[in-house]
$ cat final17.cif   # mmCIF, N, CA and C atoms
data_query
loop_
_atom_site.label_atom_id
_atom_site.label_comp_id
_atom_site.auth_asym_id
_atom_site.auth_seq_id
_atom_site.Cartn_x
_atom_site.Cartn_y
_atom_site.Cartn_z
N MET I 1 -34.88 14.05 25.77
CA MET I 1 -34.02 13.17 25.03
C MET I 1 -33.28 12.27 26.00
N GLN I 2 -32.97 11.08 25.54
CA GLN I 2 -32.21 10.15 26.35
C GLN I 2 -30.73 10.36 26.03
N VAL I 3 -29.87 10.34 27.06
CA VAL I 3 -28.45 10.61 26.89
C VAL I 3 -27.64 9.38 27.28
N TYR I 4 -26.66 9.06 26.43
CA TYR I 4 -25.77 7.94 26.68
C TYR I 4 -24.33 8.44 26.82
N GLU I 5 -23.54 7.73 27.61
CA GLU I 5 -22.14 8.07 27.83
C GLU I 5 -21.28 6.91 27.35
N LYS I 6 -20.23 7.23 26.58
CA LYS I 6 -19.32 6.19 26.11
C LYS I 6 -18.39 5.81 27.26
N ILE I 7 -18.45 4.54 27.69
CA ILE I 7 -17.60 4.05 28.77
C ILE I 7 -16.24 3.65 28.21
N LYS I 8 -16.26 2.86 27.13
CA LYS I 8 -15.08 2.51 26.37
C LYS I 8 -15.57 2.06 25.00
N ALA I 9 -14.67 1.82 24.09
CA ALA I 9 -15.05 1.48 22.72
C ALA I 9 -16.10 0.37 22.72
N GLY I 10 -17.27 0.67 22.15
CA GLY I 10 -18.33 -0.32 22.03
C GLY I 10 -19.21 -0.49 23.25
N ILE I 11 -18.90 0.19 24.36
CA ILE I 11 -19.69 0.07 25.58
C ILE I 11 -20.24 1.44 25.94
N TRP I 12 -21.56 1.55 26.01
CA TRP I 12 -22.24 2.81 26.32
C TRP I 12 -23.13 2.62 27.53
N SER I 13 -23.32 3.68 28.29
CA SER I 13 -24.15 3.65 29.48
C SER I 13 -25.29 4.66 29.35
N ASP I 14 -26.48 4.25 29.75
CA ASP I 14 -27.65 5.13 29.72
C ASP I 14 -27.58 6.08 30.92
N ASN I 15 -27.54 7.38 30.65
CA ASN I 15 -27.46 8.38 31.73
C ASN I 15 -28.80 9.02 32.05
N GLY I 16 -29.86 8.57 31.44
CA GLY I 16 -31.18 9.08 31.77
C GLY I 16 -31.72 10.07 30.75
N PHE I 17 -32.76 10.80 31.17
CA PHE I 17 -33.44 11.72 30.28
C PHE I 17 -33.08 13.17 30.61
N PHE I 18 -32.92 13.97 29.55
CA PHE I 18 -32.58 15.38 29.69
C PHE I 18 -33.41 16.20 28.72
N HIS I 19 -33.57 17.47 29.06
CA HIS I 19 -34.25 18.41 28.18
C HIS I 19 -33.18 19.26 27.51
N LEU I 20 -33.22 19.36 26.17
CA LEU I 20 -32.26 20.16 25.43
C LEU I 20 -32.66 21.63 25.53
N VAL I 21 -31.79 22.45 26.14
CA VAL I 21 -32.05 23.87 26.34
C VAL I 21 -31.48 24.68 25.20
N ASP I 22 -30.25 24.33 24.78
CA ASP I 22 -29.58 25.12 23.74
C ASP I 22 -28.52 24.25 23.09
N SER I 23 -28.14 24.61 21.86
CA SER I 23 -27.04 23.94 21.18
C SER I 23 -26.32 24.95 20.30
N TRP I 24 -25.02 24.72 20.09
CA TRP I 24 -24.22 25.63 19.28
C TRP I 24 -22.98 24.89 18.80
N VAL I 25 -22.27 25.52 17.85
CA VAL I 25 -21.04 24.95 17.31
C VAL I 25 -19.90 25.89 17.66
N GLU I 26 -18.81 25.33 18.21
CA GLU I 26 -17.60 26.11 18.50
C GLU I 26 -16.46 25.50 17.72
N ASN I 27 -15.57 26.34 17.21
CA ASN I 27 -14.38 25.86 16.54
C ASN I 27 -13.25 25.90 17.53
N ASP I 28 -12.57 24.76 17.73
CA ASP I 28 -11.47 24.70 18.69
C ASP I 28 -10.12 24.98 18.04
N GLY I 29 -10.14 25.51 16.82
CA GLY I 29 -8.92 25.80 16.08
C GLY I 29 -8.55 24.70 15.11
N VAL I 30 -9.10 23.51 15.32
CA VAL I 30 -8.81 22.37 14.45
C VAL I 30 -10.09 21.85 13.80
N ARG I 31 -11.17 21.83 14.58
CA ARG I 31 -12.42 21.24 14.10
C ARG I 31 -13.60 21.95 14.73
N ASN I 32 -14.77 21.71 14.18
CA ASN I 32 -16.00 22.22 14.77
C ASN I 32 -16.46 21.23 15.84
N VAL I 33 -16.83 21.75 17.00
CA VAL I 33 -17.29 20.93 18.11
C VAL I 33 -18.73 21.32 18.42
N PHE I 34 -19.62 20.34 18.46
CA PHE I 34 -21.02 20.60 18.78
C PHE I 34 -21.18 20.59 20.30
N LYS I 35 -21.78 21.65 20.84
CA LYS I 35 -21.98 21.80 22.28
C LYS I 35 -23.48 21.81 22.56
N PHE I 36 -23.86 21.27 23.72
CA PHE I 36 -25.25 21.19 24.10
C PHE I 36 -25.41 21.61 25.55
N LYS I 37 -26.48 22.36 25.85
CA LYS I 37 -26.84 22.66 27.23
C LYS I 37 -28.06 21.82 27.54
N LEU I 38 -27.91 20.93 28.55
CA LEU I 38 -28.97 20.01 28.93
C LEU I 38 -29.38 20.24 30.37
N VAL I 39 -30.63 19.95 30.67
CA VAL I 39 -31.13 20.00 32.03
C VAL I 39 -31.73 18.64 32.34
N ALA I 40 -31.30 18.03 33.45
CA ALA I 40 -31.81 16.72 33.83
C ALA I 40 -33.30 16.80 34.11
N VAL I 41 -34.02 15.76 33.70
CA VAL I 41 -35.45 15.67 33.92
C VAL I 41 -35.66 14.67 35.05
N GLU I 42 -36.44 15.06 36.05
CA GLU I 42 -36.62 14.20 37.23
C GLU I 42 -37.31 12.90 36.91
N SER I 43 -38.32 12.95 36.08
CA SER I 43 -39.00 11.72 35.70
C SER I 43 -39.30 11.76 34.21
N VAL I 44 -39.39 10.60 33.62
CA VAL I 44 -39.63 10.52 32.20
C VAL I 44 -40.95 11.17 31.83
N SER I 45 -41.93 11.09 32.70
CA SER I 45 -43.24 11.67 32.40
C SER I 45 -43.16 13.18 32.27
N ASP I 46 -42.14 13.81 32.89
CA ASP I 46 -41.95 15.25 32.71
C ASP I 46 -41.56 15.58 31.28
N GLU I 47 -40.87 14.67 30.63
CA GLU I 47 -40.35 14.93 29.29
C GLU I 47 -41.27 14.39 28.20
N LEU I 48 -41.84 13.22 28.39
CA LEU I 48 -42.67 12.57 27.37
C LEU I 48 -43.96 12.05 27.99
N ALA I 49 -45.00 12.02 27.20
CA ALA I 49 -46.25 11.43 27.67
C ALA I 49 -46.06 9.92 27.82
N ALA I 50 -46.74 9.32 28.76
CA ALA I 50 -46.59 7.88 29.03
C ALA I 50 -46.85 7.04 27.78
N GLU I 51 -47.80 7.46 26.95
CA GLU I 51 -48.11 6.71 25.73
C GLU I 51 -46.92 6.71 24.78
N GLU I 52 -46.23 7.84 24.66
CA GLU I 52 -45.08 7.93 23.78
C GLU I 52 -43.97 7.00 24.25
N ILE I 53 -43.77 6.92 25.54
CA ILE I 53 -42.72 6.07 26.10
C ILE I 53 -43.05 4.61 25.81
N ALA I 54 -44.29 4.23 26.03
CA ALA I 54 -44.70 2.85 25.76
C ALA I 54 -44.49 2.51 24.29
N ASP I 55 -44.83 3.45 23.39
CA ASP I 55 -44.63 3.23 21.96
C ASP I 55 -43.15 3.04 21.65
N ARG I 56 -42.28 3.84 22.25
CA ARG I 56 -40.84 3.73 22.00
C ARG I 56 -40.29 2.41 22.48
N LEU I 57 -40.78 1.91 23.63
CA LEU I 57 -40.29 0.65 24.17
C LEU I 57 -40.70 -0.53 23.31
N VAL I 58 -41.87 -0.43 22.68
CA VAL I 58 -42.39 -1.51 21.86
C VAL I 58 -41.74 -1.51 20.48
N GLU I 59 -41.31 -0.32 20.00
CA GLU I 59 -40.69 -0.23 18.69
C GLU I 59 -39.48 -1.13 18.61
N ARG I 60 -39.27 -1.72 17.49
CA ARG I 60 -38.10 -2.55 17.26
C ARG I 60 -36.89 -1.64 17.11
N SER I 61 -35.84 -1.93 17.83
CA SER I 61 -34.66 -1.07 17.81
C SER I 61 -33.41 -1.86 17.51
N ARG I 62 -32.56 -1.30 16.67
CA ARG I 62 -31.27 -1.89 16.33
C ARG I 62 -30.27 -1.70 17.47
N ILE I 63 -30.52 -0.71 18.34
CA ILE I 63 -29.60 -0.38 19.43
C ILE I 63 -29.56 -1.53 20.44
N ILE I 64 -28.34 -1.95 20.76
CA ILE I 64 -28.15 -3.03 21.73
C ILE I 64 -28.01 -2.37 23.10
N PRO I 65 -28.89 -2.69 24.05
CA PRO I 65 -28.82 -2.07 25.37
C PRO I 65 -27.50 -2.36 26.08
N THR I 66 -27.08 -1.43 26.93
CA THR I 66 -25.83 -1.58 27.67
C THR I 66 -25.78 -2.88 28.46
N SER I 67 -26.90 -3.24 29.10
CA SER I 67 -26.92 -4.46 29.90
C SER I 67 -26.62 -5.69 29.04
N VAL I 68 -27.13 -5.71 27.82
CA VAL I 68 -26.87 -6.83 26.91
C VAL I 68 -25.41 -6.82 26.47
N LYS I 69 -24.87 -5.62 26.15
CA LYS I 69 -23.47 -5.51 25.75
C LYS I 69 -22.54 -6.01 26.85
N LEU I 70 -22.82 -5.63 28.08
CA LEU I 70 -21.98 -6.07 29.20
C LEU I 70 -22.04 -7.58 29.38
N GLU I 71 -23.23 -8.15 29.25
CA GLU I 71 -23.39 -9.60 29.37
C GLU I 71 -22.63 -10.33 28.26
N VAL I 72 -22.75 -9.83 27.03
CA VAL I 72 -22.06 -10.45 25.89
C VAL I 72 -20.55 -10.31 26.05
N TRP I 73 -20.09 -9.13 26.48
CA TRP I 73 -18.66 -8.89 26.67
C TRP I 73 -18.08 -9.91 27.67
N ALA I 74 -18.79 -10.09 28.78
CA ALA I 74 -18.33 -11.04 29.81
C ALA I 74 -18.38 -12.47 29.28
N ARG I 75 -19.48 -12.83 28.62
CA ARG I 75 -19.64 -14.19 28.10
C ARG I 75 -18.56 -14.53 27.06
N ASP I 76 -18.27 -13.57 26.15
CA ASP I 76 -17.32 -13.81 25.07
C ASP I 76 -15.88 -13.47 25.47
N GLY I 77 -15.69 -13.03 26.71
CA GLY I 77 -14.34 -12.77 27.21
C GLY I 77 -13.64 -11.61 26.55
N GLY I 78 -14.40 -10.67 25.99
CA GLY I 78 -13.79 -9.50 25.34
C GLY I 78 -12.98 -9.86 24.11
N LYS I 79 -13.37 -10.96 23.42
CA LYS I 79 -12.63 -11.45 22.25
C LYS I 79 -13.59 -11.79 21.13
N CYS I 80 -13.08 -11.72 19.91
CA CYS I 80 -13.84 -12.19 18.73
C CYS I 80 -14.11 -13.67 18.91
N VAL I 81 -15.37 -14.07 18.74
CA VAL I 81 -15.72 -15.48 18.93
C VAL I 81 -15.19 -16.36 17.79
N THR I 82 -14.75 -15.75 16.70
CA THR I 82 -14.23 -16.51 15.57
C THR I 82 -12.72 -16.71 15.65
N CYS I 83 -11.96 -15.63 15.94
CA CYS I 83 -10.50 -15.73 15.89
C CYS I 83 -9.80 -15.36 17.20
N GLY I 84 -10.55 -14.83 18.18
CA GLY I 84 -9.94 -14.48 19.46
C GLY I 84 -9.29 -13.11 19.51
N ALA I 85 -9.43 -12.30 18.45
CA ALA I 85 -8.86 -10.95 18.45
C ALA I 85 -9.47 -10.12 19.58
N THR I 86 -8.67 -9.20 20.12
CA THR I 86 -9.15 -8.37 21.22
C THR I 86 -9.23 -6.89 20.86
N ASP I 87 -9.00 -6.55 19.59
CA ASP I 87 -9.10 -5.15 19.18
C ASP I 87 -10.10 -5.00 18.04
N GLU I 88 -10.58 -3.78 17.87
CA GLU I 88 -11.56 -3.44 16.84
C GLU I 88 -12.75 -4.40 16.85
N LEU I 89 -13.32 -4.58 18.06
CA LEU I 89 -14.45 -5.50 18.21
C LEU I 89 -15.77 -4.82 17.92
N HIS I 90 -16.68 -5.58 17.35
CA HIS I 90 -18.04 -5.12 17.05
C HIS I 90 -19.03 -6.04 17.75
N PHE I 91 -20.16 -5.47 18.15
CA PHE I 91 -21.26 -6.30 18.63
C PHE I 91 -22.07 -6.68 17.39
N ASP I 92 -22.22 -7.97 17.15
CA ASP I 92 -22.86 -8.48 15.95
C ASP I 92 -24.12 -9.24 16.30
N HIS I 93 -25.16 -9.08 15.48
CA HIS I 93 -26.39 -9.85 15.64
C HIS I 93 -26.18 -11.22 14.99
N VAL I 94 -26.35 -12.30 15.74
CA VAL I 94 -26.22 -13.65 15.20
C VAL I 94 -27.25 -13.82 14.07
N LEU I 95 -28.52 -13.60 14.38
CA LEU I 95 -29.56 -13.50 13.35
C LEU I 95 -29.62 -12.01 13.02
N PRO I 96 -29.19 -11.61 11.82
CA PRO I 96 -29.09 -10.19 11.49
C PRO I 96 -30.38 -9.41 11.78
N PHE I 97 -30.20 -8.19 12.25
CA PHE I 97 -31.32 -7.31 12.55
C PHE I 97 -32.22 -7.17 11.32
N SER I 98 -31.60 -7.06 10.14
CA SER I 98 -32.35 -6.89 8.89
C SER I 98 -33.20 -8.11 8.55
N LYS I 99 -32.91 -9.24 9.21
CA LYS I 99 -33.68 -10.46 8.96
C LYS I 99 -34.55 -10.82 10.16
N GLY I 100 -34.78 -9.83 11.05
CA GLY I 100 -35.69 -10.02 12.18
C GLY I 100 -35.03 -10.31 13.51
N GLY I 101 -33.70 -10.33 13.56
CA GLY I 101 -32.98 -10.61 14.81
C GLY I 101 -33.18 -9.51 15.84
N THR I 102 -33.18 -9.89 17.10
CA THR I 102 -33.40 -8.93 18.18
C THR I 102 -32.09 -8.39 18.73
N SER I 103 -32.16 -7.18 19.28
CA SER I 103 -31.03 -6.56 19.96
C SER I 103 -31.17 -6.70 21.46
N LEU I 104 -32.28 -7.24 21.92
CA LEU I 104 -32.62 -7.23 23.34
C LEU I 104 -32.17 -8.47 24.11
N LYS I 105 -31.65 -9.48 23.42
CA LYS I 105 -31.25 -10.72 24.10
C LYS I 105 -29.80 -11.04 23.77
N ALA I 106 -29.03 -11.35 24.81
CA ALA I 106 -27.61 -11.67 24.64
C ALA I 106 -27.42 -12.89 23.74
N GLU I 107 -28.39 -13.79 23.70
CA GLU I 107 -28.28 -14.99 22.87
C GLU I 107 -28.17 -14.64 21.39
N ASN I 108 -28.64 -13.46 20.98
CA ASN I 108 -28.57 -13.07 19.57
C ASN I 108 -27.45 -12.08 19.29
N VAL I 109 -26.58 -11.85 20.25
CA VAL I 109 -25.49 -10.89 20.07
C VAL I 109 -24.17 -11.60 20.39
N GLN I 110 -23.16 -11.29 19.58
CA GLN I 110 -21.84 -11.87 19.80
C GLN I 110 -20.78 -10.82 19.49
N LEU I 111 -19.57 -11.05 19.98
CA LEU I 111 -18.45 -10.18 19.66
C LEU I 111 -17.72 -10.74 18.44
N LEU I 112 -17.50 -9.87 17.45
CA LEU I 112 -16.70 -10.22 16.28
C LEU I 112 -15.70 -9.11 16.04
N CYS I 113 -14.51 -9.46 15.57
CA CYS I 113 -13.56 -8.42 15.18
C CYS I 113 -14.11 -7.77 13.90
N ALA I 114 -13.60 -6.60 13.57
CA ALA I 114 -14.09 -5.87 12.42
C ALA I 114 -14.03 -6.71 11.14
N ARG I 115 -12.92 -7.45 10.96
CA ARG I 115 -12.74 -8.26 9.75
C ARG I 115 -13.85 -9.30 9.62
N HIS I 116 -14.13 -10.03 10.70
CA HIS I 116 -15.16 -11.08 10.64
C HIS I 116 -16.57 -10.49 10.57
N ASN I 117 -16.80 -9.39 11.26
CA ASN I 117 -18.13 -8.77 11.21
C ASN I 117 -18.43 -8.24 9.82
N LEU I 118 -17.46 -7.57 9.21
CA LEU I 118 -17.69 -7.01 7.88
C LEU I 118 -17.81 -8.10 6.82
N SER I 119 -17.09 -9.21 6.99
CA SER I 119 -17.22 -10.30 6.02
C SER I 119 -18.54 -11.05 6.20
N LYS I 120 -19.05 -11.09 7.42
CA LYS I 120 -20.34 -11.74 7.69
C LYS I 120 -21.48 -10.93 7.11
N SER I 121 -21.41 -9.61 7.25
CA SER I 121 -22.44 -8.69 6.77
C SER I 121 -23.81 -9.10 7.31
N ALA I 122 -24.81 -9.24 6.44
CA ALA I 122 -26.16 -9.59 6.88
C ALA I 122 -26.46 -11.06 6.62
N LYS I 123 -25.40 -11.87 6.54
CA LYS I 123 -25.59 -13.31 6.30
C LYS I 123 -25.97 -14.02 7.58
N ILE I 124 -26.68 -15.11 7.44
CA ILE I 124 -26.99 -15.98 8.57
C ILE I 124 -25.99 -17.12 8.49
N GLN I 125 -25.23 -17.30 9.58
CA GLN I 125 -24.21 -18.36 9.57
C GLN I 125 -24.52 -19.41 10.59
#
$ encode --input "final17.cif" --output "structure tokens"
Amino acid sequence: MQVYEKIKAGIWSDNGFFHLVDSWVENDGVRNVFKFKLVAVESVSDELAAEEIADRLVERSRIIPTSVKLEVWARDGGKCVTCGATDELHFDHVLPFSKGGTSLKAENVQLLCARHNLSKSAKIQ
């Protein structure tokens, strides 16, 4: 499995591939916490066949890669492109994913505050 680490709200980093050894649920007195035991995999071919990896890379994915998020964040100055808000930001597809928009190019991704992203929905503007 591929593992990601949350750097800050809306920014995730790819930490590589790991093999899931065990999983369990612990209650911390307030909530249930899911725990995982992972072992790092030296190369992707140890975890998946090369054909499977190629298939996954070709598949269309809604997930915006970290490199694209960082580029968009820098380009948009960490602000909503509509109103300039700096909190509750979302990465939005200019051409909505549901209408064929890509997640792989910064040109199709922009920062919007929650209010503007939710009002835009899957519209093309």
$ resolve_selection --input "final17.cif" --expression "the PyMOL selection byres ((chain I and resi 81-90) around 7)" --output "CSV table (one decimal) with N, CA and C atoms, in the frame of the given file"
chain,number,residue,atom,x,y,z
I,10,GLY,N,-17.3,0.7,22.2
I,10,GLY,CA,-18.3,-0.3,22.0
I,10,GLY,C,-19.2,-0.5,23.2
I,76,ASP,N,-18.3,-13.6,26.2
I,76,ASP,CA,-17.3,-13.8,25.1
I,76,ASP,C,-15.9,-13.5,25.5
I,78,GLY,N,-14.4,-10.7,26.0
I,78,GLY,CA,-13.8,-9.5,25.3
I,78,GLY,C,-13.0,-9.9,24.1
I,79,LYS,N,-13.4,-11.0,23.4
I,79,LYS,CA,-12.6,-11.4,22.2
I,79,LYS,C,-13.6,-11.8,21.1
I,80,CYS,N,-13.1,-11.7,19.9
I,80,CYS,CA,-13.8,-12.2,18.7
I,80,CYS,C,-14.1,-13.7,18.9
I,91,PHE,N,-20.2,-5.5,18.2
I,91,PHE,CA,-21.3,-6.3,18.6
I,91,PHE,C,-22.1,-6.7,17.4
I,92,ASP,N,-22.2,-8.0,17.2
I,92,ASP,CA,-22.9,-8.5,16.0
I,92,ASP,C,-24.1,-9.2,16.3
I,110,GLN,N,-23.2,-11.3,19.6
I,110,GLN,CA,-21.8,-11.9,19.8
I,110,GLN,C,-20.8,-10.8,19.5
I,111,LEU,N,-19.6,-11.0,20.0
I,111,LEU,CA,-18.4,-10.2,19.7
I,111,LEU,C,-17.7,-10.7,18.4
I,112,LEU,N,-17.5,-9.9,17.4
I,112,LEU,CA,-16.7,-10.2,16.3
I,112,LEU,C,-15.7,-9.1,16.0
I,113,CYS,N,-14.5,-9.5,15.6
I,113,CYS,CA,-13.6,-8.4,15.2
I,113,CYS,C,-14.1,-7.8,13.9
I,114,ALA,N,-13.6,-6.6,13.6
I,114,ALA,CA,-14.1,-5.9,12.4
I,114,ALA,C,-14.0,-6.7,11.1
I,115,ARG,N,-12.9,-7.4,11.0
I,115,ARG,CA,-12.7,-8.3,9.8
I,115,ARG,C,-13.8,-9.3,9.6
I,117,ASN,N,-16.8,-9.4,11.3
I,117,ASN,CA,-18.1,-8.8,11.2
I,117,ASN,C,-18.4,-8.2,9.8
$ closest_residue --input "final17.cif" --among "I:Trp12, I:Tyr4, I:Trp24, I:Phe34" --to "Val68 in chain I" --atoms "only C-alpha atoms"
I:Trp12
$ atom_distance --input "final17.cif" --atom1 "atom C of His19 in chain I" --atom2 "atom N of Val41 in chain I"
7.2 Å
$ atom_distance --input "final17.cif" --atom1 "atom C of Ala106 in chain I" --atom2 "CA of Phe17 in chain I"
26.2 Å
$ residues_near_point --input "final17.cif" --point "(-26.1, -13.2, 18.3)" --cutoff "10 Å" --atoms "only C-alpha atoms" --output "PyMOL selection string"
chain I and resi 72+91-97+101-103+105-111
$ select_by_dssp --input "final17.cif" --residues "range 1-124 of chain I" --states "alpha helix (DSSP H)" --output "number ranges by chain"
I: 44-47, 50-58, 66-76, 114-120
$ residues_around --input "final17.cif" --residues "Phe18 in chain I" --least-positions-apart "6" --cutoff "7 Å" --atoms "all atoms listed in the file" --output "list in words"
Met1, Gln2, Val3, Leu38, Val39, Ala40 and Val41 of chain I
$ select_by_dssp --input "final17.cif" --residues "chain I" --states "strand (DSSP E)" --output "PyMOL selection string"
chain I and resi 2-8+11-27+32-40+89-93+109-113
$ closest_residue --input "final17.cif" --among "I:Ile63, I:Ala122, I:Ile7, I:Ala74" --to "Lys99 in chain I" --atoms "all atoms listed in the file"
I:Ala122
$ atom_distance --input "final17.cif" --atom1 "CA of Trp73 in chain I" --atom2 "atom N of Ile11 in chain I"
9.4 Å
$ closest_residue --input "final17.cif" --among "I:Ser67, I:Asp14, I:Asn27, I:Asn32" --to "Leu104 in chain I" --atoms "all atoms listed in the file"
I:Ser67
$ closest_residue --input "final17.cif" --among "I:Phe36, I:Ser98, I:Gly29, I:Thr66" --to "Ser13 in chain I" --atoms "all atoms listed in the file"
I:Thr66
